[in-house]
Structures are given as C-alpha cells and as structure tokens.
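Colleague: Here you go, run-v6.cif (mmCIF, C-alpha atoms and all ligand atoms):
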```cif
data_data
#
loop_
_atom_site.label_atom_id
_atom_site.label_comp_id
_atom_site.auth_asym_id
_atom_site.auth_seq_id
_atom_site.Cartn_x
_atom_site.Cartn_y
_atom_site.Cartn_z
CA MET A 372 -10.63 24.77 -16.29
CA THR A 373 -9.26 23.40 -19.57
CA ASP A 374 -10.86 20.37 -21.22
CA ALA A 375 -7.65 18.36 -20.57
CA ILE A 376 -7.71 19.09 -16.80
CA ALA A 377 -11.45 18.34 -16.59
CA ALA A 378 -10.89 15.04 -18.45
CA GLN A 379 -8.02 14.08 -16.08
CA GLN A 380 -10.09 14.90 -12.99
CA SER A 381 -12.97 12.84 -14.28
CA LEU A 382 -10.66 9.88 -15.06
CA GLU A 383 -9.04 10.23 -11.61
CA GLY A 384 -12.51 10.00 -9.99
CA VAL A 385 -13.41 6.88 -11.99
CA LEU A 386 -10.01 5.34 -11.17
CA LYS A 387 -10.49 5.92 -7.41
CA ASP A 388 -13.89 4.16 -7.55
CA GLU A 389 -12.34 1.25 -9.45
CA ILE A 390 -9.44 1.00 -6.94
CA LEU A 391 -11.87 0.98 -4.01
CA ARG A 392 -13.96 -1.72 -5.69
CA MET A 393 -11.07 -3.93 -6.78
CA TYR A 394 -9.07 -4.09 -3.52
CA GLN A 395 -12.24 -4.37 -1.43
CA ASP A 396 -13.00 -7.42 -3.55
CA VAL A 397 -9.53 -8.89 -2.83
CA ALA A 398 -10.10 -8.29 0.90
CA ASP A 399 -13.63 -9.71 0.94
CA HIS A 400 -13.14 -12.59 -1.51
CA PRO A 401 -9.47 -13.60 -1.47
CA ASP A 402 -10.44 -17.01 -2.87
CA ARG A 403 -11.44 -15.44 -6.22
CA THR A 404 -9.15 -15.22 -9.23
CA PHE A 405 -7.73 -11.78 -10.03
CA HIS A 406 -5.71 -10.23 -12.80
CA PHE A 407 -2.64 -10.23 -10.49
CA PHE A 408 -1.00 -12.54 -7.95
CA HIS A 409 -2.25 -12.13 -4.40
CA GLY A 410 -2.34 -13.90 -1.06
CA ARG A 411 0.24 -16.42 0.14
CA GLU A 412 1.20 -17.40 -3.41
CA ALA A 413 2.29 -13.81 -4.14
CA ALA A 414 4.06 -13.35 -0.80
CA GLU A 415 6.06 -16.55 -1.34
CA LEU A 416 6.93 -15.41 -4.85
CA PHE A 417 8.37 -12.21 -3.32
CA ASP A 418 10.45 -14.13 -0.76
CA TYR A 419 8.49 -13.38 2.39
CA ASP A 420 9.71 -15.66 5.19
CA ALA A 421 7.46 -18.71 5.52
CA ALA A 422 7.65 -18.18 9.30
CA TRP A 423 6.12 -14.68 8.91
CA LEU A 424 3.29 -16.07 6.77
CA ASP A 425 2.59 -18.85 9.28
CA ARG A 426 2.59 -16.40 12.19
CA ALA A 427 0.41 -13.65 10.63
CA PRO A 428 -3.41 -13.94 10.73
CA ALA A 429 -4.68 -16.00 7.79
CA GLY A 430 -6.95 -13.15 6.60
CA ALA A 431 -4.05 -10.69 6.32
CA VAL A 432 -2.03 -13.23 4.30
CA ALA A 433 -4.97 -14.23 2.05
CA SER A 434 -5.73 -10.59 1.14
CA PHE A 435 -2.11 -9.55 0.55
CA ALA A 436 -2.01 -7.61 -2.74
CA GLY A 437 1.57 -6.34 -2.83
CA VAL A 438 3.95 -6.49 -5.77
CA GLY A 439 7.25 -7.09 -3.95
CA ASN A 440 8.88 -7.26 -0.53
CA PRO A 441 9.59 -3.85 1.07
CA HIS A 442 11.08 -5.53 4.18
CA ARG A 443 14.18 -6.58 2.30
CA ARG A 444 15.55 -3.04 2.41
CA SER A 445 13.56 -1.27 5.11
CA ARG A 446 16.09 -1.81 7.93
CA ILE A 447 13.37 -1.17 10.54
CA GLN A 448 14.84 -0.88 14.05
CA PRO A 449 13.25 -1.49 17.46
CA GLY A 450 11.56 1.74 18.56
CA ASP A 451 11.04 3.11 15.01
CA THR A 452 7.85 4.83 13.92
CA VAL A 453 6.88 3.25 10.59
CA LEU A 454 4.31 4.41 8.05
CA ASP A 455 2.81 1.78 5.71
CA LEU A 456 1.38 3.84 2.87
CA GLY A 457 -1.62 2.07 1.32
CA SER A 458 -1.59 -0.56 4.04
CA GLY A 459 -4.42 -2.70 2.60
CA ALA A 460 -5.31 -5.72 4.74
CA GLY A 461 -2.28 -5.10 6.97
CA LEU A 462 0.27 -7.88 6.34
CA ASP A 463 3.26 -5.53 5.87
CA ALA A 464 2.22 -3.38 8.84
CA ILE A 465 2.04 -6.48 11.07
CA ILE A 466 5.49 -7.65 9.93
CA ALA A 467 6.82 -4.10 10.52
CA SER A 468 5.37 -4.12 14.05
CA TRP A 469 7.32 -7.29 14.86
CA MET A 470 10.47 -5.38 13.84
CA THR A 471 9.73 -2.16 15.77
CA GLY A 472 8.77 -4.12 18.90
CA PRO A 473 6.58 -2.64 21.64
CA SER A 474 8.68 0.54 21.89
CA GLY A 475 7.93 1.39 18.24
CA ARG A 476 4.80 2.31 16.38
CA VAL A 477 3.24 1.38 13.03
CA ILE A 478 0.77 3.68 11.31
CA GLY A 479 -1.17 2.63 8.23
CA VAL A 480 -2.79 5.02 5.77
CA ASP A 481 -5.34 3.78 3.24
CA LEU A 482 -7.86 5.40 0.94
CA ASN A 483 -10.43 2.78 1.88
CA PRO A 484 -11.74 3.05 5.48
CA SER A 485 -12.90 -0.57 5.51
CA MET A 486 -9.36 -1.73 4.56
CA CYS A 487 -8.12 0.24 7.56
CA GLN A 488 -10.65 -1.51 9.76
CA LYS A 489 -9.64 -4.93 8.41
CA ALA A 490 -5.94 -4.17 8.93
CA GLN A 491 -6.55 -3.13 12.53
CA VAL A 492 -8.60 -6.28 13.21
CA HIS A 493 -5.78 -8.40 11.70
CA ALA A 494 -3.14 -6.55 13.75
CA ALA A 495 -5.16 -7.05 16.95
CA ALA A 496 -5.60 -10.76 16.12
CA SER A 497 -1.82 -11.05 15.93
CA GLY A 498 -1.45 -9.30 19.28
CA MET A 499 0.02 -6.13 17.72
CA ARG A 500 -1.24 -2.56 17.66
CA MET A 501 -1.58 -0.67 14.44
CA ASP A 502 -3.11 2.73 14.07
CA CYS A 503 -4.66 3.01 10.59
CA ARG A 504 -5.93 6.30 9.19
CA GLN A 505 -8.22 6.73 6.24
CA GLY A 506 -6.46 9.15 3.93
CA GLN A 507 -4.75 9.71 0.62
CA MET A 508 -1.11 9.22 -0.26
CA GLU A 509 -1.28 12.57 -2.08
CA ALA A 510 -2.04 14.32 1.24
CA ILE A 511 -0.70 12.02 3.98
CA PRO A 512 -2.62 12.71 7.22
CA LEU A 513 0.55 12.97 9.37
CA PRO A 514 2.68 15.90 10.55
CA ASP A 515 6.04 16.89 9.05
CA ASP A 516 9.14 15.00 10.29
CA SER A 517 7.13 12.40 12.18
CA VAL A 518 8.22 8.95 10.91
CA ASP A 519 11.51 7.04 10.75
CA VAL A 520 10.63 4.66 7.91
CA VAL A 521 8.05 4.69 5.10
CA ILE A 522 7.19 1.36 3.51
CA SER A 523 4.72 0.94 0.67
CA ASN A 524 3.82 -2.02 -1.51
CA GLY A 525 1.99 -1.75 -4.83
CA VAL A 526 0.38 1.59 -4.12
CA VAL A 527 2.26 4.56 -5.66
CA ASN A 528 1.61 3.25 -9.20
CA LEU A 529 -2.11 3.82 -8.56
CA SER A 530 -1.71 7.60 -8.23
CA PHE A 531 -2.17 10.19 -10.95
CA ARG A 532 0.08 12.52 -8.95
CA LYS A 533 3.22 10.51 -8.18
CA ARG A 534 5.46 13.61 -7.75
CA THR A 535 3.10 14.86 -5.02
CA VAL A 536 3.17 11.42 -3.35
CA ILE A 537 6.99 11.45 -3.23
CA GLN A 538 6.97 15.03 -1.85
CA GLU A 539 4.50 13.92 0.81
CA ILE A 540 6.68 10.93 1.76
CA PHE A 541 9.69 13.24 2.23
CA ARG A 542 7.57 15.75 4.19
CA VAL A 543 6.52 13.18 6.83
CA LEU A 544 9.97 11.53 7.08
CA LYS A 545 12.29 12.66 9.86
CA PRO A 546 15.73 13.87 8.70
CA GLY A 547 17.79 10.75 8.01
CA GLY A 548 14.63 8.63 7.66
CA ARG A 549 14.35 5.73 5.23
CA VAL A 550 12.00 4.75 2.41
CA SER A 551 11.41 1.22 1.08
CA ILE A 552 8.88 1.09 -1.73
CA THR A 553 8.10 -1.89 -3.93
CA ASP A 554 6.00 -0.98 -6.91
CA ILE A 555 5.50 -1.49 -10.61
CA VAL A 556 6.98 0.70 -13.31
CA SER A 557 6.87 0.48 -17.07
CA ALA A 558 10.08 0.84 -19.05
CA ARG A 559 7.97 1.71 -22.07
CA THR A 560 5.53 4.54 -22.65
CA LEU A 561 2.07 3.05 -22.33
CA SER A 562 -0.52 3.66 -25.01
CA SER A 563 -3.34 6.06 -24.17
CA ALA A 564 -5.77 3.13 -24.53
CA ILE A 565 -4.04 1.51 -21.52
CA VAL A 566 -3.50 4.73 -19.56
CA ASN A 567 -7.14 5.74 -19.98
CA ASP A 568 -8.54 2.37 -18.92
CA PRO A 569 -9.36 2.59 -15.18
CA LYS A 570 -9.63 -1.22 -14.85
CA LEU A 571 -6.12 -1.77 -16.23
CA TRP A 572 -4.68 1.12 -14.19
CA ALA A 573 -6.28 -0.13 -10.99
CA SER A 574 -4.98 -3.67 -11.42
C1 LIG B 601 -2.47 -3.12 -4.48
S1 LIG B 601 -3.23 -2.79 -2.92
C2 LIG B 601 -1.83 -3.08 -1.87
C3 LIG B 601 -2.21 -3.19 -0.42
C4 LIG B 601 -1.06 -3.56 0.53
N1 LIG B 601 0.02 -2.61 0.44
C5 LIG B 601 -0.57 -4.96 0.25
O1 LIG B 601 0.62 -5.11 -0.08
O2 LIG B 601 -1.35 -5.90 0.37
C6 LIG B 601 -3.36 -1.03 -2.98
C7 LIG B 601 -3.87 -0.39 -1.70
O3 LIG B 601 -3.66 1.02 -1.82
C8 LIG B 601 -4.81 1.71 -1.39
N2 LIG B 601 -4.84 3.00 -2.11
C9 LIG B 601 -5.12 3.20 -3.41
N3 LIG B 601 -5.05 4.49 -3.72
C10 LIG B 601 -4.71 5.14 -2.58
C11 LIG B 601 -4.48 6.50 -2.24
N4 LIG B 601 -4.63 7.48 -3.16
N5 LIG B 601 -4.11 6.81 -0.99
C12 LIG B 601 -3.99 5.82 -0.04
N6 LIG B 601 -4.21 4.52 -0.30
C13 LIG B 601 -4.55 4.18 -1.55
C14 LIG B 601 -5.97 0.78 -1.76
O4 LIG B 601 -7.14 1.07 -1.03
C15 LIG B 601 -5.37 -0.58 -1.45
O5 LIG B 601 -5.59 -0.97 -0.11
#
```
Starting from the file, give its structure as structure tokens.
Ligand SMILES: C[S@@+](CC[C@H](N)C(=O)[O-])C[C@H]1O[C@@H](n2cnc3c(N)ncnc32)[C@H](O)[C@@H]1O
Modeller:
Amino acid sequence: MTDAIAAQQSLEGVLKDEILRMYQDVADHPDRTFHFFHGREAAELFDYDAAWLDRAPAGAVASFAGVGNPHRRSRIQPGDTVLDLGSGAGLDAIIASWMTGPSGRVIGVDLNPSMCQKAQVHAAASGMRMDCRQGQMEAIPLPDDSVDVVISNGVVNLSFRKRTVIQEIFRVLKPGGRVSITDIVSARTLSSAIVNDPKLWAS
C-alpha cells in the first residue's frame, strides 16, 4: 500500500466517525445550533410544502439535515419502489411514502443504524411503513434493478468515492428508473486544508 492510499484510508475512517457523530447530534439534539441549516427552517428554505411539514412527525422535521428538495423532480408514482439513500431521520422517506401510496414501498439506507431506527419510528408514527437498512452508499445493500426511483439529500458529498456511489445508484435502478439528488458541489477546487479537515467535510 502506498503512503497516499494509506493516508486516504485513514482520513476516510476519521471522516466516517465524524459523520456518525455530527448527524447523531442533529438527531438527538435538534435544538442545538449547527454549522448548517437544519430542521423546519431548512425545509422551508428549500420550498417543502408547509402541509407536509405539519403532517410529518415533529421529530422527523426537527432533525431534517438536507440541503435541497429532491421531491421537486422525483416524479414518484403510486406503486413505485423508492430508495432514500442516506435517509437520516426519515422526513424525505415519509414524504416519498405518501407519494407511492400503500401499493408502493420506500427503503432507506443509512450508515448509522440508530438513524435507521429513528427513521422507522418516525415513519410508524406517521402511519407509514419504511424499511431502513444500515449500509453504505458505496455498496448499497439492495439487488440489481430493484428500485424505480432513488432520492438522496445532502449525502453523496460526504463520500470519498463518489464515482462508486453513482455506479451503485445505477446498479440498483430498474431500466428507465429515475434519480433525484440534491447535494452540495463546489465550483472551485478546495484547498487541501479544507479537504483534509474531517469536521468541515462532514458538515
Ligand atoms: C446530511 S445528513 C442528511 C440526512 C437526510 N437525507 C436528510 O435530508 O435529513 C447525511 C446522512 O447520510 C448518512 N451517511 C453518511 N455517509 C453515509 C454512507 N457512506 N452511506 C450511507 N449513509 C451515509 C448519515 O448517517 C446521515 O444520516
């Protein structure tokens, strides 16, 4: 193993720990101040329907940590199978389940098993079913050609291996499936001081 690969693997490990810590904190203490918008304030900023935010469980809304609104382009249909990649506290999965209706299915995948648990509790509180699997976006724990729509909100930017994530998304999508991702990108090359700072990367 070269020094560069060893250094990247070590940074990737530190980053994963920081991601687990940071978003657990948002889920457990949504009332705290973070380095980014979250909760209802963020969802309103991204044009989520007020009716959705009133209808969803308060905990799912308070712990929302997305960076945009993937529902604007997802065109989810009744009966669809939807994957919410990096589903967090579950707000987007719950909204997706209203769109698929009882004949559809929403599956969440999240690195953090306790986020999965929270999302499932929130979904149940809203009378919806969501199946959440602990797993990594770089190796999505679903078979090939198994979902109609992939949504994801503020998650892909957290990966060191974005090309692999995109390949995984296309692997699990059925032919003709759809992808609606909202995420953050930088139009400028970031300095290595930023890239190598797990706290900045995670947030
Ligand atoms: C910024 S939060 C967004 C959560 C949710 N999408 C939302 O809009 O509220 C990022 C989420 O991605 C999850 N995550 C981070 N890295 C991941 C990975 N490699 N695979 C799967 N999930 C990951 C985190 O645990 C966290 O729940």
Colleague: State, in Å with one decimal place, the distance from atom CA of Asp554 of chain A to atom CA of Asp451 of chain A.
Modeller: 22.9 Å
Colleague: Closest to Met486 of chain A among A:Lys387, A:Arg542, A:Arg392, A:His409, using only C-alpha atoms?
Modeller: A:Arg392
Colleague: Collect all residues with atoms no farther than 7 Å from ligand LIG 601 (chain B), counting all atoms listed in the file, and output them as JSON, numbers by chain.
Modeller: {"A": [387, 390, 391, 394, 434, 435, 436, 437, 438, 456, 457, 458, 459, 460, 461, 462, 463, 480, 481, 482, 483, 486, 506, 507, 508, 509, 523, 524, 525, 526, 529, 530]}
Colleague: Name the closest residue to Gly430 of chain A among the candidates A:Pro449, A:Gly384, A:Gly410, A:Pro546; distances are taken between atoms, counting only C-alpha atoms.
Modeller: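 Looking at the shortest contact to Gly430 of chain A, the residue is A:Gly410.
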Colleague: Between A:Thr553, A:Val477, A:Leu513, A:Gln488, which one has atoms that come closest to Arg500 of chain A, using all atoms listed in the file?
Modeller: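 The closest residue to Arg500 of chain A is A:Val477.
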Colleague: Between A:Leu382, A:Val432, A:Ala375, A:Val521, which residue has the minimum interatomic distance to Lys489 of chain A, considering only C-alpha atoms?
Modeller: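 So, comparing all the options, the nearest one is A:Val432.
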Colleague: Taking into account all atoms listed in the file, which residue in the set A:Leu454, A:Ile552, A:Val566, A:Leu424 is nearest to Pro512 of chain A?
Modeller: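 Smallest distance to Pro512 of chain A is found for A:Leu454.
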Colleague: Quick one: segment 413-432 of chain A with N, CA, C and O atoms, as a PDB file, keeping the file's coordinate frame?
Modeller:
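So the final result, stored in result.pdb, reads:
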```
ATOM      1  N   ALA A 413       1.512 -15.004  -3.757  1.00  0.00           N
ATOM      2  CA  ALA A 413       2.290 -13.810  -4.140  1.00  0.00           C
ATOM      3  C   ALA A 413       3.393 -13.552  -3.123  1.00  0.00           C
ATOM      4  O   ALA A 413       4.545 -13.295  -3.493  1.00  0.00           O
ATOM      5  N   ALA A 414       3.056 -13.645  -1.841  1.00  0.00           N
ATOM      6  CA  ALA A 414       4.060 -13.350  -0.800  1.00  0.00           C
ATOM      7  C   ALA A 414       5.242 -14.312  -0.912  1.00  0.00           C
ATOM      8  O   ALA A 414       6.397 -13.911  -0.756  1.00  0.00           O
ATOM      9  N   GLU A 415       4.962 -15.583  -1.200  1.00  0.00           N
ATOM     10  CA  GLU A 415       6.060 -16.550  -1.340  1.00  0.00           C
ATOM     11  C   GLU A 415       6.906 -16.222  -2.566  1.00  0.00           C
ATOM     12  O   GLU A 415       8.132 -16.306  -2.548  1.00  0.00           O
ATOM     13  N   LEU A 416       6.226 -15.793  -3.623  1.00  0.00           N
ATOM     14  CA  LEU A 416       6.930 -15.410  -4.850  1.00  0.00           C
ATOM     15  C   LEU A 416       7.909 -14.257  -4.567  1.00  0.00           C
ATOM     16  O   LEU A 416       8.977 -14.176  -5.162  1.00  0.00           O
ATOM     17  N   PHE A 417       7.525 -13.376  -3.626  1.00  0.00           N
ATOM     18  CA  PHE A 417       8.370 -12.210  -3.320  1.00  0.00           C
ATOM     19  C   PHE A 417       9.293 -12.472  -2.129  1.00  0.00           C
ATOM     20  O   PHE A 417       9.785 -11.535  -1.513  1.00  0.00           O
ATOM     21  N   ASP A 418       9.461 -13.760  -1.783  1.00  0.00           N
ATOM     22  CA  ASP A 418      10.450 -14.130  -0.760  1.00  0.00           C
ATOM     23  C   ASP A 418      10.111 -13.698   0.658  1.00  0.00           C
ATOM     24  O   ASP A 418      11.021 -13.429   1.451  1.00  0.00           O
ATOM     25  N   TYR A 419       8.832 -13.598   0.983  1.00  0.00           N
ATOM     26  CA  TYR A 419       8.490 -13.380   2.390  1.00  0.00           C
ATOM     27  C   TYR A 419       8.848 -14.648   3.147  1.00  0.00           C
ATOM     28  O   TYR A 419       8.627 -15.753   2.642  1.00  0.00           O
ATOM     29  N   ASP A 420       9.371 -14.489   4.372  1.00  0.00           N
ATOM     30  CA  ASP A 420       9.710 -15.660   5.190  1.00  0.00           C
ATOM     31  C   ASP A 420       8.471 -16.503   5.421  1.00  0.00           C
ATOM     32  O   ASP A 420       7.427 -15.964   5.830  1.00  0.00           O
ATOM     33  N   ALA A 421       8.600 -17.824   5.241  1.00  0.00           N
ATOM     34  CA  ALA A 421       7.460 -18.710   5.520  1.00  0.00           C
ATOM     35  C   ALA A 421       7.020 -18.557   6.973  1.00  0.00           C
ATOM     36  O   ALA A 421       5.825 -18.605   7.291  1.00  0.00           O
ATOM     37  N   ALA A 422       7.992 -18.309   7.865  1.00  0.00           N
ATOM     38  CA  ALA A 422       7.650 -18.180   9.300  1.00  0.00           C
ATOM     39  C   ALA A 422       6.747 -16.957   9.522  1.00  0.00           C
ATOM     40  O   ALA A 422       5.844 -16.999  10.360  1.00  0.00           O
ATOM     41  N   TRP A 423       6.996 -15.860   8.792  1.00  0.00           N
ATOM     42  CA  TRP A 423       6.120 -14.680   8.910  1.00  0.00           C
ATOM     43  C   TRP A 423       4.700 -15.045   8.481  1.00  0.00           C
ATOM     44  O   TRP A 423       3.725 -14.644   9.112  1.00  0.00           O
ATOM     45  N   LEU A 424       4.618 -15.772   7.348  1.00  0.00           N
ATOM     46  CA  LEU A 424       3.290 -16.070   6.770  1.00  0.00           C
ATOM     47  C   LEU A 424       2.523 -17.052   7.640  1.00  0.00           C
ATOM     48  O   LEU A 424       1.295 -17.022   7.691  1.00  0.00           O
ATOM     49  N   ASP A 425       3.261 -17.926   8.357  1.00  0.00           N
ATOM     50  CA  ASP A 425       2.590 -18.850   9.280  1.00  0.00           C
ATOM     51  C   ASP A 425       2.107 -18.116  10.533  1.00  0.00           C
ATOM     52  O   ASP A 425       1.085 -18.455  11.109  1.00  0.00           O
ATOM     53  N   ARG A 426       2.882 -17.092  10.926  1.00  0.00           N
ATOM     54  CA  ARG A 426       2.590 -16.400  12.190  1.00  0.00           C
ATOM     55  C   ARG A 426       1.492 -15.337  12.026  1.00  0.00           C
ATOM     56  O   ARG A 426       0.722 -15.082  12.966  1.00  0.00           O
ATOM     57  N   ALA A 427       1.387 -14.729  10.845  1.00  0.00           N
ATOM     58  CA  ALA A 427       0.410 -13.650  10.630  1.00  0.00           C
ATOM     59  C   ALA A 427      -1.005 -14.224  10.528  1.00  0.00           C
ATOM     60  O   ALA A 427      -1.174 -15.378  10.124  1.00  0.00           O
ATOM     61  N   PRO A 428      -2.036 -13.440  10.877  1.00  0.00           N
ATOM     62  CA  PRO A 428      -3.410 -13.940  10.730  1.00  0.00           C
ATOM     63  C   PRO A 428      -3.707 -14.351   9.281  1.00  0.00           C
ATOM     64  O   PRO A 428      -3.283 -13.663   8.344  1.00  0.00           O
ATOM     65  N   ALA A 429      -4.432 -15.448   9.129  1.00  0.00           N
ATOM     66  CA  ALA A 429      -4.680 -16.000   7.790  1.00  0.00           C
ATOM     67  C   ALA A 429      -5.343 -14.964   6.873  1.00  0.00           C
ATOM     68  O   ALA A 429      -5.038 -14.882   5.676  1.00  0.00           O
ATOM     69  N   GLY A 430      -6.238 -14.133   7.429  1.00  0.00           N
ATOM     70  CA  GLY A 430      -6.950 -13.150   6.600  1.00  0.00           C
ATOM     71  C   GLY A 430      -6.008 -12.107   6.019  1.00  0.00           C
ATOM     72  O   GLY A 430      -6.172 -11.674   4.873  1.00  0.00           O
ATOM     73  N   ALA A 431      -4.998 -11.705   6.805  1.00  0.00           N
ATOM     74  CA  ALA A 431      -4.050 -10.690   6.320  1.00  0.00           C
ATOM     75  C   ALA A 431      -3.198 -11.284   5.194  1.00  0.00           C
ATOM     76  O   ALA A 431      -2.882 -10.600   4.214  1.00  0.00           O
ATOM     77  N   VAL A 432      -2.847 -12.572   5.338  1.00  0.00           N
ATOM     78  CA  VAL A 432      -2.030 -13.230   4.300  1.00  0.00           C
ATOM     79  C   VAL A 432      -2.872 -13.432   3.032  1.00  0.00           C
ATOM     80  O   VAL A 432      -2.443 -13.115   1.913  1.00  0.00           O
TER      81      VAL A 432
END
```
